[in-house]
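Participant: Dumping the structure here so I can ask a few things about it.
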Amino acid sequence: MILLLDLDNTLVGRAEAFEAWASGEVDRAGLGPADLGAILAADEGGHGSKEALARVLIDRLGWDDDVPAAIRRFRAGILDGVRVYDGVLPALDALRGAGHRVAVVTNGTSAQQRGKIARCGLGDHVDAVVVSGEEGVAKPDPRLLEIALERLGAADADRRQVWMVGDAGHADVAAGRAAGTRTAWVSHGRSWDGPDRPDVVAPTTRAALALATSPPGVVLD
């Protein structure tokens with residue numbers, strides 16, 4: 001089986017790292033919950049416009065930075081705080097030990113995404129890493145998944161044996177569907193409210209991986 005895994009909020013806690021960093025910045029500026037709420041809303045869980053987020057940070061926190069400098073500043077804050085989710089590295093090792101192939105398939109800039117992978121020690125636990133900023137194409141475009149399959153030497157793999165696993169329905173699940181793979185959505189406690197429910201919905205990445213690689217008909221608690 002081949003597992004294509006999103007990075008942010010799937011393998012690593014990007015949202016948690018950003019919130020912790022933003023909370024610290026708000027506290028240092030002597031501001032309150034409304035300001036933190038506005039910053040988190042602008043971030044959109046990492047899916048919002050980086051330029052728009054930078055403008056909110058400049059406005060709310062009173063920074064003297066221009067927009068590019070503000071973007072560099074909050075990206076550095078995320079890198080300082082990002083952590084791999086508990087149990088993910090052993091789960092990846094177990095998958096590869098069982099003969100499955102694993103790739104990270106992530107949207108973002110090369111420096112930022114590879115910085116997270118290096119900080120969290122993910123590189124030694126996967127077979128390939130594909131970053132949209134290096135390839136000029138981003139999820140939900142299925143071409144990013146096709147690139148990953150090529151890197152794994154599996155361009156001709158039966159798509160029923162390929163999973164796209166991620167937390168973003170509009171990017172990860174949509175890309176998997178477009179590429180003809182099976183899809184697993186990491187809900188983090190959310191409810192799937194769109195049409196065409198993914199093949200697997202699970203609260204954590206470890207649970208999603210367990211379900212995706214279980215024999216048909218097996219139900220895991």
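Residue numbering restarts at 1 in every chain; chains get A, B, ... in the order shown in the structure tokens, and ligands count up from 1 in that same order.
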What residues in range 97-188 of chain A get the DSSP label helix (DSSP H, G or I)? Please answer as a ChimeraX atom specification.

Facilitator: /A:97,110-120,123-125,132-135,143-151,159-161,169-179

Participant: Which range 162-220 of chain A residues have any atom within 10 Å of an atom of range 81-101 of chain A, and for each, what is the nearest pair of atoms with distance in Å to one decimal, counting only C-alpha atoms, rows sorted by chain and number, as CSV?

Facilitator:
```
residue,atom,partner,partner_atom,distance
A:Val162,CA,A:Arg101,CA,9.5
A:Thr204,CA,A:Tyr85,CA,9.1
A:Thr205,CA,A:Val88,CA,7.4
A:Arg206,CA,A:Val88,CA,6.3
A:Ala207,CA,A:Ala91,CA,9.9
A:Leu209,CA,A:Ala91,CA,8.0
A:Ala210,CA,A:Ala91,CA,8.7
A:Thr213,CA,A:Leu95,CA,8.5
```

Participant: Within 10 Å of Arg119 in chain A, counting only C-alpha atoms, which residues show up once you throw out same-chain ones fewer than 2 positions away? Write them as a PDB file with N, CA and C atoms, in the first residue's frame, please.

Facilitator:
```pdb
ATOM      1  N   LEU A  79       8.111  27.701  13.123  1.00  0.00           N
ATOM      2  CA  LEU A  79       9.203  26.717  13.118  1.00  0.00           C
ATOM      3  C   LEU A  79       9.738  26.469  14.518  1.00  0.00           C
ATOM      4  N   ASP A  80       9.809  27.514  15.313  1.00  0.00           N
ATOM      5  CA  ASP A  80      10.336  27.360  16.670  1.00  0.00           C
ATOM      6  C   ASP A  80       9.454  26.461  17.531  1.00  0.00           C
ATOM      7  N   GLY A  81       8.150  26.433  17.229  1.00  0.00           N
ATOM      8  CA  GLY A  81       7.235  25.720  18.100  1.00  0.00           C
ATOM      9  C   GLY A  81       6.610  24.461  17.547  1.00  0.00           C
ATOM     10  N   VAL A  82       6.862  24.140  16.286  1.00  0.00           N
ATOM     11  CA  VAL A  82       6.163  23.008  15.678  1.00  0.00           C
ATOM     12  C   VAL A  82       6.666  21.683  16.251  1.00  0.00           C
ATOM     13  N   ARG A  83       5.739  20.762  16.463  1.00  0.00           N
ATOM     14  CA  ARG A  83       6.072  19.449  17.005  1.00  0.00           C
ATOM     15  C   ARG A  83       5.335  18.367  16.215  1.00  0.00           C
ATOM     16  N   VAL A  84       5.955  17.208  16.088  1.00  0.00           N
ATOM     17  CA  VAL A  84       5.283  16.076  15.466  1.00  0.00           C
ATOM     18  C   VAL A  84       4.256  15.538  16.452  1.00  0.00           C
ATOM     19  N   GLN A 113       8.534  24.282   4.793  1.00  0.00           N
ATOM     20  CA  GLN A 113       8.072  22.906   4.975  1.00  0.00           C
ATOM     21  C   GLN A 113       9.236  21.966   5.269  1.00  0.00           C
ATOM     22  N   ARG A 114      10.331  22.133   4.579  1.00  0.00           N
ATOM     23  CA  ARG A 114      11.486  21.283   4.892  1.00  0.00           C
ATOM     24  C   ARG A 114      12.089  21.626   6.248  1.00  0.00           C
ATOM     25  N   GLY A 115      11.929  22.883   6.665  1.00  0.00           N
ATOM     26  CA  GLY A 115      12.350  23.254   8.011  1.00  0.00           C
ATOM     27  C   GLY A 115      11.561  22.525   9.070  1.00  0.00           C
ATOM     28  N   LYS A 116      10.240  22.400   8.870  1.00  0.00           N
ATOM     29  CA  LYS A 116       9.405  21.647   9.820  1.00  0.00           C
ATOM     30  C   LYS A 116       9.801  20.174   9.838  1.00  0.00           C
ATOM     31  N   ILE A 117      10.011  19.622   8.654  1.00  0.00           N
ATOM     32  CA  ILE A 117      10.375  18.207   8.565  1.00  0.00           C
ATOM     33  C   ILE A 117      11.700  17.951   9.278  1.00  0.00           C
ATOM     34  N   GLY A 121      12.280  15.769  12.712  1.00  0.00           N
ATOM     35  CA  GLY A 121      12.944  14.500  12.443  1.00  0.00           C
ATOM     36  C   GLY A 121      12.146  13.552  11.579  1.00  0.00           C
ATOM     37  N   LEU A 122      11.321  14.105  10.694  1.00  0.00           N
ATOM     38  CA  LEU A 122      10.449  13.264   9.875  1.00  0.00           C
ATOM     39  C   LEU A 122      11.166  12.616   8.696  1.00  0.00           C
ATOM     40  N   GLY A 123      12.233  13.228   8.237  1.00  0.00           N
ATOM     41  CA  GLY A 123      12.852  12.785   6.992  1.00  0.00           C
ATOM     42  C   GLY A 123      13.292  11.340   6.996  1.00  0.00           C
TER      43      GLY A 123
END
```

Participant: CA of Ala148 in chain A and CA of Gly194 in chain A are how many Å apart?

Facilitator: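 Value for the CA of Ala148 in chain A-CA of Gly194 in chain A distance: 26.7 Å.
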
Participant: Neighbouring residues of Ala42 in chain A were defined as those with any atom within 10 Å, considering only C-alpha atoms; residues of the same chain fewer than 2 positions away were excluded. Please report them as an MDAnalysis selection string.

Facilitator: chainID A and resid 36:40 44:57
